[in-house]
>>> print(open('work13.cif').read())   # mmCIF, C-alpha atoms; chains and numbers go by the auth columns
data_run
#
loop_
_atom_site.group_PDB
_atom_site.id
_atom_site.type_symbol
_atom_site.label_atom_id
_atom_site.label_comp_id
_atom_site.label_asym_id
_atom_site.label_seq_id
_atom_site.Cartn_x
_atom_site.Cartn_y
_atom_site.Cartn_z
_atom_site.B_iso_or_equiv
_atom_site.auth_seq_id
_atom_site.auth_asym_id
ATOM 1 C CA MET A 1 -17.616 5.987 16.174 0.00 1116 J
ATOM 2 C CA GLU A 2 -15.707 4.312 18.969 0.00 1117 J
ATOM 3 C CA GLU A 3 -12.552 2.430 18.010 0.00 1118 J
ATOM 4 C CA ARG A 4 -9.715 0.811 19.931 0.00 1119 J
ATOM 5 C CA ILE A 5 -7.224 3.425 21.002 0.00 1120 J
ATOM 6 C CA GLN A 6 -4.206 1.743 19.361 0.00 1121 J
ATOM 7 C CA LYS A 7 -6.127 1.902 16.062 0.00 1122 J
ATOM 8 C CA LEU A 8 -6.754 5.624 16.547 0.00 1123 J
ATOM 9 C CA LEU A 9 -3.060 6.213 17.210 0.00 1124 J
ATOM 10 C CA SER A 10 -2.133 4.327 14.063 0.00 1125 J
ATOM 11 C CA ALA A 11 -4.741 6.117 11.931 0.00 1126 J
ATOM 12 C CA ALA A 12 -3.366 9.449 13.173 0.00 1127 J
ATOM 13 C CA GLY A 13 0.086 8.448 11.894 0.00 1128 J
ATOM 14 C CA VAL A 14 1.936 8.596 15.214 0.00 1129 J
ATOM 15 C CA CYS A 15 2.836 4.898 15.441 0.00 1130 J
ATOM 16 C CA SER A 16 1.883 1.404 14.349 0.00 1131 J
ATOM 17 C CA ARG A 17 -0.904 -0.451 16.147 0.00 1132 J
ATOM 18 C CA ARG A 18 1.642 -2.665 17.878 0.00 1133 J
ATOM 19 C CA GLN A 19 3.572 0.360 19.090 0.00 1134 J
ATOM 20 C CA GLY A 20 0.277 1.875 20.189 0.00 1135 J
ATOM 21 C CA GLU A 21 -0.355 -1.143 22.395 0.00 1136 J
ATOM 22 C CA GLU A 22 3.088 -0.671 23.957 0.00 1137 J
ATOM 23 C CA TYR A 23 2.381 3.015 24.586 0.00 1138 J
ATOM 24 C CA LEU A 24 -0.902 2.099 26.292 0.00 1139 J
ATOM 25 C CA LEU A 25 0.807 -0.478 28.498 0.00 1140 J
ATOM 26 C CA ALA A 26 3.419 2.139 29.409 0.00 1141 J
ATOM 27 C CA GLY A 27 0.734 4.623 30.455 0.00 1142 J
ATOM 28 C CA ARG A 28 1.730 7.181 27.821 0.00 1143 J
ATOM 29 C CA VAL A 29 -1.749 7.623 26.332 0.00 1144 J
ATOM 30 C CA THR A 30 -4.626 9.623 27.812 0.00 1145 J
ATOM 31 C CA VAL A 31 -8.267 10.063 26.847 0.00 1146 J
ATOM 32 C CA ASN A 32 -9.825 13.301 28.083 0.00 1147 J
ATOM 33 C CA GLY A 33 -6.933 13.688 30.512 0.00 1148 J
ATOM 34 C CA GLN A 34 -7.267 10.214 32.039 0.00 1149 J
ATOM 35 C CA THR A 35 -4.680 7.453 31.521 0.00 1150 J
ATOM 36 C CA ALA A 36 -5.979 4.994 28.943 0.00 1151 J
ATOM 37 C CA HIS A 37 -5.540 1.223 29.103 0.00 1152 J
ATOM 38 C CA LEU A 38 -5.193 -1.526 26.527 0.00 1153 J
ATOM 39 C CA GLY A 39 -8.615 -2.635 25.297 0.00 1154 J
ATOM 40 C CA GLU A 40 -10.291 0.737 25.807 0.00 1155 J
ATOM 41 C CA LYS A 41 -12.070 2.558 22.998 0.00 1156 J
ATOM 42 C CA ALA A 42 -12.574 6.223 22.194 0.00 1157 J
ATOM 43 C CA ASP A 43 -14.395 8.379 19.674 0.00 1158 J
ATOM 44 C CA ARG A 44 -12.203 11.036 18.048 0.00 1159 J
ATOM 45 C CA SER A 45 -15.276 13.164 17.279 0.00 1160 J
ATOM 46 C CA ARG A 46 -15.890 13.749 21.007 0.00 1161 J
ATOM 47 C CA ASP A 47 -12.818 12.521 22.917 0.00 1162 J
ATOM 48 C CA THR A 48 -9.360 14.087 23.172 0.00 1163 J
ATOM 49 C CA VAL A 49 -6.710 11.404 22.734 0.00 1164 J
ATOM 50 C CA ALA A 50 -3.124 12.393 23.584 0.00 1165 J
ATOM 51 C CA LEU A 51 0.270 10.687 23.472 0.00 1166 J
ATOM 52 C CA ASP A 52 2.785 11.968 26.027 0.00 1167 J
ATOM 53 C CA GLY A 53 0.449 14.897 26.613 0.00 1168 J
ATOM 54 C CA VAL A 54 0.284 15.922 22.946 0.00 1169 J
ATOM 55 C CA PRO A 55 -3.224 15.632 21.428 0.00 1170 J
ATOM 56 C CA LEU A 56 -3.566 13.791 18.142 0.00 1171 J
ATOM 57 C CA ARG A 57 -3.854 16.169 15.217 0.00 1172 J
ATOM 58 C CA PRO A 58 -7.320 16.923 13.766 0.00 1173 J
ATOM 59 C CA LEU A 59 -8.948 14.099 11.841 0.00 1174 J
ATOM 60 C CA SER A 60 -9.253 16.040 8.611 0.00 1175 J
ATOM 61 C CA ARG A 61 -5.510 16.606 8.200 0.00 1176 J
ATOM 62 C CA HIS A 62 -4.016 13.656 6.366 0.00 1177 J
ATOM 63 C CA THR A 63 -1.105 13.296 3.987 0.00 1178 J
ATOM 64 C CA TYR A 64 -1.343 11.408 0.682 0.00 1179 J
ATOM 65 C CA LEU A 65 1.766 10.742 -1.403 0.00 1180 J
ATOM 66 C CA MET A 66 2.616 9.016 -4.652 0.00 1181 J
ATOM 67 C CA LEU A 67 6.162 7.635 -4.877 0.00 1182 J
ATOM 68 C CA HIS A 68 7.958 6.245 -7.923 0.00 1183 J
ATOM 69 C CA LYS A 69 9.709 3.424 -6.082 0.00 1184 J
ATOM 70 C CA PRO A 70 13.030 2.287 -7.568 0.00 1185 J
ATOM 71 C CA ALA A 71 14.277 -1.282 -7.370 0.00 1186 J
ATOM 72 C CA GLY A 72 16.478 -1.967 -4.358 0.00 1187 J
ATOM 73 C CA TYR A 73 14.158 -0.579 -1.677 0.00 1188 J
ATOM 74 C CA VAL A 74 11.931 -2.551 0.687 0.00 1189 J
ATOM 75 C CA THR A 75 8.329 -1.460 1.142 0.00 1190 J
ATOM 76 C CA THR A 76 8.443 -0.959 4.890 0.00 1191 J
ATOM 77 C CA LEU A 77 9.283 1.753 7.407 0.00 1192 J
ATOM 78 C CA SER A 78 12.339 -0.055 8.815 0.00 1193 J
ATOM 79 C CA ASP A 79 14.357 -3.136 7.954 0.00 1194 J
ATOM 80 C CA ASP A 80 16.247 -5.383 10.368 0.00 1195 J
ATOM 81 C CA LYS A 81 18.666 -6.339 7.560 0.00 1196 J
ATOM 82 C CA GLY A 82 19.753 -2.757 7.064 0.00 1197 J
ATOM 83 C CA ARG A 83 18.355 -2.439 3.550 0.00 1198 J
ATOM 84 C CA LYS A 84 17.128 0.863 2.144 0.00 1199 J
ATOM 85 C CA THR A 85 13.403 1.476 2.698 0.00 1200 J
ATOM 86 C CA VAL A 86 10.736 3.560 0.998 0.00 1201 J
ATOM 87 C CA ALA A 87 10.602 5.599 4.220 0.00 1202 J
ATOM 88 C CA ASP A 88 14.076 6.900 3.331 0.00 1203 J
ATOM 89 C CA LEU A 89 12.736 8.256 0.032 0.00 1204 J
ATOM 90 C CA VAL A 90 9.879 10.248 1.628 0.00 1205 J
ATOM 91 C CA ALA A 91 11.671 11.295 4.817 0.00 1206 J
ATOM 92 C CA ASP A 92 11.450 14.943 3.781 0.00 1207 J
ATOM 93 C CA CYS A 93 7.626 14.965 3.527 0.00 1208 J
ATOM 94 C CA GLY A 94 7.386 16.204 7.120 0.00 1209 J
ATOM 95 C CA VAL A 95 5.073 13.565 8.618 0.00 1210 J
ATOM 96 C CA ARG A 96 5.085 9.848 9.337 0.00 1211 J
ATOM 97 C CA VAL A 97 3.406 7.976 6.492 0.00 1212 J
ATOM 98 C CA TRP A 98 3.233 4.283 5.727 0.00 1213 J
ATOM 99 C CA PRO A 99 3.047 2.359 2.420 0.00 1214 J
ATOM 100 C CA VAL A 100 -0.347 1.241 1.130 0.00 1215 J
ATOM 101 C CA GLY A 101 0.109 -2.393 0.104 0.00 1216 J
ATOM 102 C CA ARG A 102 3.248 -4.031 -1.238 0.00 1217 J
ATOM 103 C CA LEU A 103 5.795 -3.534 -3.978 0.00 1218 J
ATOM 104 C CA ASP A 104 8.655 -5.984 -3.592 0.00 1219 J
ATOM 105 C CA TYR A 105 12.375 -5.211 -3.317 0.00 1220 J
ATOM 106 C CA ASP A 106 13.171 -5.815 -7.001 0.00 1221 J
ATOM 107 C CA SER A 107 10.068 -4.086 -8.374 0.00 1222 J
ATOM 108 C CA GLU A 108 9.534 -0.465 -9.384 0.00 1223 J
ATOM 109 C CA GLY A 109 6.744 1.989 -9.926 0.00 1224 J
ATOM 110 C CA LEU A 110 3.737 3.546 -8.271 0.00 1225 J
ATOM 111 C CA LEU A 111 3.489 3.249 -4.499 0.00 1226 J
ATOM 112 C CA LEU A 112 1.010 5.198 -2.386 0.00 1227 J
ATOM 113 C CA LEU A 113 1.900 6.315 1.136 0.00 1228 J
ATOM 114 C CA THR A 114 -0.405 7.950 3.671 0.00 1229 J
ATOM 115 C CA ASP A 115 -1.228 8.452 7.327 0.00 1230 J
ATOM 116 C CA ASP A 116 -4.931 7.753 6.681 0.00 1231 J
ATOM 117 C CA GLY A 117 -5.820 4.360 8.140 0.00 1232 J
ATOM 118 C CA GLY A 118 -9.320 4.363 6.659 0.00 1233 J
ATOM 119 C CA LEU A 119 -8.070 4.874 3.123 0.00 1234 J
ATOM 120 C CA THR A 120 -5.358 2.262 3.643 0.00 1235 J
ATOM 121 C CA ASN A 121 -8.023 -0.289 4.545 0.00 1236 J
ATOM 122 C CA ARG A 122 -10.173 0.687 1.551 0.00 1237 J
ATOM 123 C CA LEU A 123 -7.320 0.241 -0.912 0.00 1238 J
ATOM 124 C CA THR A 124 -5.969 -3.011 0.518 0.00 1239 J
ATOM 125 C CA HIS A 125 -9.145 -4.893 1.473 0.00 1240 J
ATOM 126 C CA PRO A 126 -9.915 -7.594 -1.134 0.00 1241 J
ATOM 127 C CA ARG A 127 -13.627 -6.746 -1.291 0.00 1242 J
ATOM 128 C CA HIS A 128 -12.925 -3.395 -2.962 0.00 1243 J
ATOM 129 C CA GLU A 129 -11.074 -5.046 -5.889 0.00 1244 J
ATOM 130 C CA ILE A 130 -8.805 -2.086 -6.675 0.00 1245 J
ATOM 131 C CA GLU A 131 -7.067 -2.672 -10.006 0.00 1246 J
ATOM 132 C CA LYS A 132 -3.286 -2.617 -10.244 0.00 1247 J
ATOM 133 C CA GLU A 133 -1.579 -2.429 -13.630 0.00 1248 J
ATOM 134 C CA TYR A 134 1.966 -3.661 -14.239 0.00 1249 J
ATOM 135 C CA HIS A 135 4.298 -3.529 -17.220 0.00 1250 J
ATOM 136 C CA VAL A 136 6.450 -6.642 -17.078 0.00 1251 J
ATOM 137 C CA THR A 137 9.558 -7.439 -19.121 0.00 1252 J
ATOM 138 C CA VAL A 138 10.056 -11.213 -19.334 0.00 1253 J
ATOM 139 C CA SER A 139 12.091 -13.977 -20.914 0.00 1254 J
ATOM 140 C CA GLY A 140 10.609 -17.288 -22.042 0.00 1255 J
ATOM 141 C CA ASP A 141 7.870 -18.475 -24.398 0.00 1256 J
ATOM 142 C CA VAL A 142 5.280 -15.681 -24.196 0.00 1257 J
ATOM 143 C CA GLU A 143 2.770 -17.272 -26.577 0.00 1258 J
ATOM 144 C CA LYS A 144 2.730 -20.466 -24.533 0.00 1259 J
ATOM 145 C CA ALA A 145 2.459 -18.487 -21.308 0.00 1260 J
ATOM 146 C CA LEU A 146 -0.498 -16.284 -22.281 0.00 1261 J
ATOM 147 C CA PRO A 147 -3.316 -18.836 -21.857 0.00 1262 J
ATOM 148 C CA ILE A 148 -1.817 -19.913 -18.534 0.00 1263 J
ATOM 149 C CA LEU A 149 -1.629 -16.346 -17.236 0.00 1264 J
ATOM 150 C CA ARG A 150 -5.195 -15.626 -18.377 0.00 1265 J
ATOM 151 C CA GLY A 151 -6.631 -18.901 -17.185 0.00 1266 J
ATOM 152 C CA PRO A 152 -7.399 -20.220 -13.690 0.00 1267 J
ATOM 153 C CA LEU A 153 -4.346 -20.017 -11.432 0.00 1268 J
ATOM 154 C CA GLU A 154 -3.769 -20.807 -7.782 0.00 1269 J
ATOM 155 C CA LEU A 155 -1.192 -19.516 -5.291 0.00 1270 J
ATOM 156 C CA ASP A 156 -0.738 -20.792 -1.744 0.00 1271 J
ATOM 157 C CA GLY A 157 -3.844 -22.929 -2.197 0.00 1272 J
ATOM 158 C CA ARG A 158 -5.945 -19.858 -3.065 0.00 1273 J
ATOM 159 C CA PRO A 159 -7.606 -19.438 -6.467 0.00 1274 J
ATOM 160 C CA LEU A 160 -6.708 -16.203 -8.225 0.00 1275 J
ATOM 161 C CA ALA A 161 -9.211 -13.955 -9.931 0.00 1276 J
ATOM 162 C CA PRO A 162 -8.603 -13.913 -13.710 0.00 1277 J
ATOM 163 C CA ALA A 163 -5.892 -11.467 -14.751 0.00 1278 J
ATOM 164 C CA GLN A 164 -6.059 -9.191 -17.790 0.00 1279 J
ATOM 165 C CA VAL A 165 -2.934 -9.882 -19.842 0.00 1280 J
ATOM 166 C CA GLU A 166 -1.930 -8.161 -23.088 0.00 1281 J
ATOM 167 C CA VAL A 167 1.281 -8.137 -25.123 0.00 1282 J
ATOM 168 C CA LEU A 168 2.802 -4.646 -25.384 0.00 1283 J
ATOM 169 C CA ALA A 169 5.993 -5.736 -27.188 0.00 1284 J
ATOM 170 C CA PRO A 170 7.681 -9.082 -27.940 0.00 1285 J
ATOM 171 C CA ARG A 171 9.028 -9.415 -24.377 0.00 1286 J
ATOM 172 C CA ARG A 172 6.794 -6.930 -22.580 0.00 1287 J
ATOM 173 C CA LEU A 173 3.408 -7.652 -21.016 0.00 1288 J
ATOM 174 C CA GLN A 174 0.645 -5.576 -19.486 0.00 1289 J
ATOM 175 C CA ILE A 175 -0.816 -7.452 -16.498 0.00 1290 J
ATOM 176 C CA ILE A 176 -3.800 -6.106 -14.547 0.00 1291 J
ATOM 177 C CA ILE A 177 -4.854 -7.736 -11.264 0.00 1292 J
ATOM 178 C CA HIS A 178 -6.938 -6.668 -8.275 0.00 1293 J
ATOM 179 C CA GLN A 179 -5.588 -9.048 -5.659 0.00 1294 J
ATOM 180 C CA GLY A 180 -2.379 -8.387 -3.765 0.00 1295 J
ATOM 181 C CA LEU A 181 -0.772 -11.661 -2.747 0.00 1296 J
ATOM 182 C CA ASN A 182 2.939 -11.574 -1.971 0.00 1297 J
ATOM 183 C CA ARG A 183 4.949 -11.262 -5.232 0.00 1298 J
ATOM 184 C CA GLN A 184 1.805 -12.255 -7.101 0.00 1299 J
ATOM 185 C CA VAL A 185 2.744 -11.147 -10.612 0.00 1300 J
ATOM 186 C CA ARG A 186 6.237 -12.662 -10.402 0.00 1301 J
ATOM 187 C CA ARG A 187 4.839 -15.966 -9.141 0.00 1302 J
ATOM 188 C CA MET A 188 2.132 -16.002 -11.820 0.00 1303 J
ATOM 189 C CA CYS A 189 4.795 -15.554 -14.478 0.00 1304 J
ATOM 190 C CA ALA A 190 6.888 -18.346 -12.947 0.00 1305 J
ATOM 191 C CA LEU A 191 3.895 -20.711 -13.116 0.00 1306 J
ATOM 192 C CA ALA A 192 3.584 -19.829 -16.809 0.00 1307 J
ATOM 193 C CA GLY A 193 7.271 -20.555 -17.473 0.00 1308 J
ATOM 194 C CA LEU A 194 8.395 -16.928 -17.695 0.00 1309 J
ATOM 195 C CA GLU A 195 11.231 -15.185 -15.870 0.00 1310 J
ATOM 196 C CA VAL A 196 10.577 -11.585 -14.867 0.00 1311 J
ATOM 197 C CA LYS A 197 13.414 -9.254 -15.840 0.00 1312 J
ATOM 198 C CA ARG A 198 11.723 -6.006 -14.850 0.00 1313 J
ATOM 199 C CA LEU A 199 8.400 -5.210 -13.187 0.00 1314 J
ATOM 200 C CA VAL A 200 6.910 -1.703 -12.994 0.00 1315 J
ATOM 201 C CA ARG A 201 3.541 -0.806 -11.467 0.00 1316 J
ATOM 202 C CA VAL A 202 2.109 1.960 -13.667 0.00 1317 J
ATOM 203 C CA ARG A 203 -1.400 2.387 -12.238 0.00 1318 J
ATOM 204 C CA GLU A 204 -3.412 1.815 -9.078 0.00 1319 J
ATOM 205 C CA GLY A 205 -7.160 2.299 -9.337 0.00 1320 J
ATOM 206 C CA GLU A 206 -7.659 5.379 -11.515 0.00 1321 J
ATOM 207 C CA LEU A 207 -4.251 6.860 -10.645 0.00 1322 J
ATOM 208 C CA PRO A 208 -1.474 6.504 -13.257 0.00 1323 J
ATOM 209 C CA LEU A 209 2.194 6.824 -12.386 0.00 1324 J
ATOM 210 C CA GLY A 210 2.603 9.282 -15.238 0.00 1325 J
ATOM 211 C CA ALA A 211 5.925 11.091 -15.634 0.00 1326 J
ATOM 212 C CA LEU A 212 6.935 11.101 -11.966 0.00 1327 J
ATOM 213 C CA PRO A 213 10.734 10.470 -11.971 0.00 1328 J
ATOM 214 C CA ARG A 214 12.094 7.331 -10.379 0.00 1329 J
ATOM 215 C CA GLY A 215 12.896 7.859 -6.687 0.00 1330 J
ATOM 216 C CA LYS A 216 10.739 10.997 -6.429 0.00 1331 J
ATOM 217 C CA TRP A 217 7.426 11.624 -4.667 0.00 1332 J
ATOM 218 C CA ARG A 218 4.595 14.136 -4.875 0.00 1333 J
ATOM 219 C CA HIS A 219 1.430 14.979 -2.961 0.00 1334 J
ATOM 220 C CA LEU A 220 -1.826 13.703 -4.430 0.00 1335 J
ATOM 221 C CA THR A 221 -4.257 16.364 -5.582 0.00 1336 J
ATOM 222 C CA PRO A 222 -7.630 16.725 -3.780 0.00 1337 J
ATOM 223 C CA ASP A 223 -9.331 15.230 -6.851 0.00 1338 J
ATOM 224 C CA GLU A 224 -7.011 12.198 -6.803 0.00 1339 J
ATOM 225 C CA VAL A 225 -7.672 11.655 -3.100 0.00 1340 J
ATOM 226 C CA ALA A 226 -11.428 11.861 -3.698 0.00 1341 J
ATOM 227 C CA ARG A 227 -11.190 9.269 -6.497 0.00 1342 J
ATOM 228 C CA LEU A 228 -9.335 6.879 -4.193 0.00 1343 J
ATOM 229 C CA GLN A 229 -11.833 7.412 -1.383 0.00 1344 J
ATOM 230 C CA ASN A 230 -14.711 6.677 -3.745 0.00 1345 J
ATOM 231 C CA ALA A 231 -13.072 3.654 -5.357 0.00 1346 J
ATOM 232 C CA ARG A 232 -15.395 0.647 -5.572 0.00 1347 J
ATOM 233 C CA GLU A 233 -18.094 2.165 -3.369 0.00 1348 J
#
>>> encode(input="work13.cif", output="structure tokens")
Amino acid sequence: MEERIQKLLSAAGVCSRRQGEEYLLAGRVTVNGQTAHLGEKADRSRDTVALDGVPLRPLSRHTYLMLHKPAGYVTTLSDDKGRKTVADLVADCGVRVWPVGRLDYDSEGLLLLTDDGGLTNRLTHPRHEIEKEYHVTVSGDVEKALPILRGPLELDGRPLAPAQVEVLAPRRLQIIIHQGLNRQVRRMCALAGLEVKRLVRVREGELPLGALPRGKWRHLTPDEVARLQNARE
């Protein structure tokens, strides 16, 4: 299938789409030995796409990581404020990977990283409704907050799909959502009169965080990758 060349570069993990556009404008990208231009498309199954003369690696070779993100790291590859990033935590994985979705600076838990653009789209596109489970420590009136959290809510003028909310302990909630608006769980709790003290993502789709230590990462197993690829088919 033909796709824009900057998208192919990004999916191969060599750069972001925006950087890919810059590489094209600089004449650093070729398709079948010919200089490629912004707006052109190529098909990786038949065309040889190269950056600075180095062909993109085979399509089948992708990297899939699970990271236990600590608080105090931003979910990005670089930060203009000089804060620590999740890229620092996986720098020893050997390839360039990017985070799948968000987990804000103060939050912890399961974060997936990959160089597979197709899987990234599958897991982040709203139509696939991938569940995300959080354990949230709060202060405030939990009993009063529960019907608000479970009922119709709206953020940024957008209605939210109903959340699954259960009490795990007097000040600890299990919240399951399948949307991914910015700081969604924290903002939901604020609307319900609760202050979040700690937020940990413990599951995404069928993948649990398990016993992975905070700040550490591991490769996903082939079975785990297959379950993600088949999620919400």
>>> resolve_selection(input="work13.cif", expression="the PyMOL selection byres ((chain J and resi 1158-1175) around 12)", output="number ranges by chain")
J: 1116-1130, 1134-1139, 1141-1151, 1155-1157, 1176-1178, 1210, 1230-1233
>>> write_last_selection(input="work13.cif", atoms="C-alpha atoms", output="PDB file, keeping the file's coordinate frame")
ATOM      1  CA  MET J1116     -17.616   5.987  16.174  1.00  0.00           C
ATOM      2  CA  GLU J1117     -15.707   4.312  18.969  1.00  0.00           C
ATOM      3  CA  GLU J1118     -12.552   2.430  18.010  1.00  0.00           C
ATOM      4  CA  ARG J1119      -9.715   0.811  19.931  1.00  0.00           C
ATOM      5  CA  ILE J1120      -7.224   3.425  21.002  1.00  0.00           C
ATOM      6  CA  GLN J1121      -4.206   1.743  19.361  1.00  0.00           C
ATOM      7  CA  LYS J1122      -6.127   1.902  16.062  1.00  0.00           C
ATOM      8  CA  LEU J1123      -6.754   5.624  16.547  1.00  0.00           C
ATOM      9  CA  LEU J1124      -3.060   6.213  17.210  1.00  0.00           C
ATOM     10  CA  SER J1125      -2.133   4.327  14.063  1.00  0.00           C
ATOM     11  CA  ALA J1126      -4.741   6.117  11.931  1.00  0.00           C
ATOM     12  CA  ALA J1127      -3.366   9.449  13.173  1.00  0.00           C
ATOM     13  CA  GLY J1128       0.086   8.448  11.894  1.00  0.00           C
ATOM     14  CA  VAL J1129       1.936   8.596  15.214  1.00  0.00           C
ATOM     15  CA  CYS J1130       2.836   4.898  15.441  1.00  0.00           C
ATOM     16  CA  GLN J1134       3.572   0.360  19.090  1.00  0.00           C
ATOM     17  CA  GLY J1135       0.277   1.875  20.189  1.00  0.00           C
ATOM     18  CA  GLU J1136      -0.355  -1.143  22.395  1.00  0.00           C
ATOM     19  CA  GLU J1137       3.088  -0.671  23.957  1.00  0.00           C
ATOM     20  CA  TYR J1138       2.381   3.015  24.586  1.00  0.00           C
ATOM     21  CA  LEU J1139      -0.902   2.099  26.292  1.00  0.00           C
ATOM     22  CA  ALA J1141       3.419   2.139  29.409  1.00  0.00           C
ATOM     23  CA  GLY J1142       0.734   4.623  30.455  1.00  0.00           C
ATOM     24  CA  ARG J1143       1.730   7.181  27.821  1.00  0.00           C
ATOM     25  CA  VAL J1144      -1.749   7.623  26.332  1.00  0.00           C
ATOM     26  CA  THR J1145      -4.626   9.623  27.812  1.00  0.00           C
ATOM     27  CA  VAL J1146      -8.267  10.063  26.847  1.00  0.00           C
ATOM     28  CA  ASN J1147      -9.825  13.301  28.083  1.00  0.00           C
ATOM     29  CA  GLY J1148      -6.933  13.688  30.512  1.00  0.00           C
ATOM     30  CA  GLN J1149      -7.267  10.214  32.039  1.00  0.00           C
ATOM     31  CA  THR J1150      -4.680   7.453  31.521  1.00  0.00           C
ATOM     32  CA  ALA J1151      -5.979   4.994  28.943  1.00  0.00           C
ATOM     33  CA  GLU J1155     -10.291   0.737  25.807  1.00  0.00           C
ATOM     34  CA  LYS J1156     -12.070   2.558  22.998  1.00  0.00           C
ATOM     35  CA  ALA J1157     -12.574   6.223  22.194  1.00  0.00           C
ATOM     36  CA  ARG J1176      -5.510  16.606   8.200  1.00  0.00           C
ATOM     37  CA  HIS J1177      -4.016  13.656   6.366  1.00  0.00           C
ATOM     38  CA  THR J1178      -1.105  13.296   3.987  1.00  0.00           C
ATOM     39  CA  VAL J1210       5.073  13.565   8.618  1.00  0.00           C
ATOM     40  CA  ASP J1230      -1.228   8.452   7.327  1.00  0.00           C
ATOM     41  CA  ASP J1231      -4.931   7.753   6.681  1.00  0.00           C
ATOM     42  CA  GLY J1232      -5.820   4.360   8.140  1.00  0.00           C
ATOM     43  CA  GLY J1233      -9.320   4.363   6.659  1.00  0.00           C
TER      44      GLY J1233
END
>>> atom_distance(input="work13.cif", atom1="CA of Ala1278 in chain J", atom2="CA of Arg1302 in chain J")
12.9 Å
>>> resolve_selection(input="work13.cif", expression="the PyMOL selection byres ((chain J and resi 1182) around 6)", output="list in words")
Met1181, His1183, Lys1184, Leu1225, Leu1226, Lys1331 and Trp1332 of chain J
>>> resolve_selection(input="work13.cif", expression="the PyMOL selection byres ((chain J and resi 1336) around 12)", output="list in words")
Thr1178, Tyr1179, Leu1180, Met1181, Leu1322, Arg1333, His1334, Leu1335, Pro1337, Asp1338, Glu1339, Val1340, Ala1341, Arg1342 and Leu1343 of chain J
>>> residues_around(input="work13.cif", residues="Asp1219 in chain J", least_positions_apart="4", cutoff="12 Å", atoms="all atoms listed in the file", output="list of chain:residue names")
J:Lys1184, J:Pro1185, J:Ala1186, J:Gly1187, J:Tyr1188, J:Val1189, J:Thr1190, J:Thr1191, J:Thr1200, J:Val1201, J:Pro1214, J:Glu1223, J:Gly1224, J:Leu1225, J:Leu1226, J:Gly1295, J:Leu1296, J:Asn1297, J:Arg1298, J:Gln1299, J:Val1300, J:Arg1301, J:Arg1313, J:Leu1314, J:Val1315, J:Arg1316
>>> axis_aligned_box(input="work13.cif", around="range 1197-1201 of chain J", padding_each_side="5 Å", output="AutoDock Vina command-line options")
--center_x 15.2 --center_y 0.4 --center_z 4.0 --size_x 19.0 --size_y 16.3 --size_z 16.1
>>> closest_residue(input="work13.cif", among="J:His1293, J:Arg1329, J:Lys1199, J:Lys1312", to="Thr1252 in chain J", atoms="all atoms listed in the file")
J:Lys1312
>>> atom_distance(input="work13.cif", atom1="CA of Gln1344 in chain J", atom2="CA of Arg1132 in chain J")
22.1 Å
>>> atom_distance(input="work13.cif", atom1="CA of Val1257 in chain J", atom2="CA of Ile1291 in chain J")
16.3 Å
>>> closest_residue(input="work13.cif", among="J:Gly1308, J:Pro1274, J:Pro1285, J:Gly1154", to="Pro1262 in chain J", atoms="only C-alpha atoms")
J:Gly1308
>>> residues_around(input="work13.cif", residues="Glu1269 in chain J", least_positions_apart="6", cutoff="10 Å", atoms="all atoms listed in the file", output="PyMOL selection string")
chain J and resi 1275-1276+1302-1303+1306
>>> write_last_selection(input="work13.cif", atoms="C-alpha atoms", output="mmCIF file, in the frame of the given file")
data_model
loop_
_atom_site.group_PDB
_atom_site.id
_atom_site.type_symbol
_atom_site.label_atom_id
_atom_site.label_comp_id
_atom_site.auth_asym_id
_atom_site.auth_seq_id
_atom_site.Cartn_x
_atom_site.Cartn_y
_atom_site.Cartn_z
ATOM 1 C CA LEU J 1275 -6.708 -16.203 -8.225
ATOM 2 C CA ALA J 1276 -9.211 -13.955 -9.931
ATOM 3 C CA ARG J 1302 4.839 -15.966 -9.141
ATOM 4 C CA MET J 1303 2.132 -16.002 -11.820
ATOM 5 C CA LEU J 1306 3.895 -20.711 -13.116
#
>>> closest_residue(input="work13.cif", among="J:Asn1345, J:Gln1279, J:Thr1229, J:Thr1239", to="Gln1294 in chain J", atoms="only C-alpha atoms")
J:Thr1239
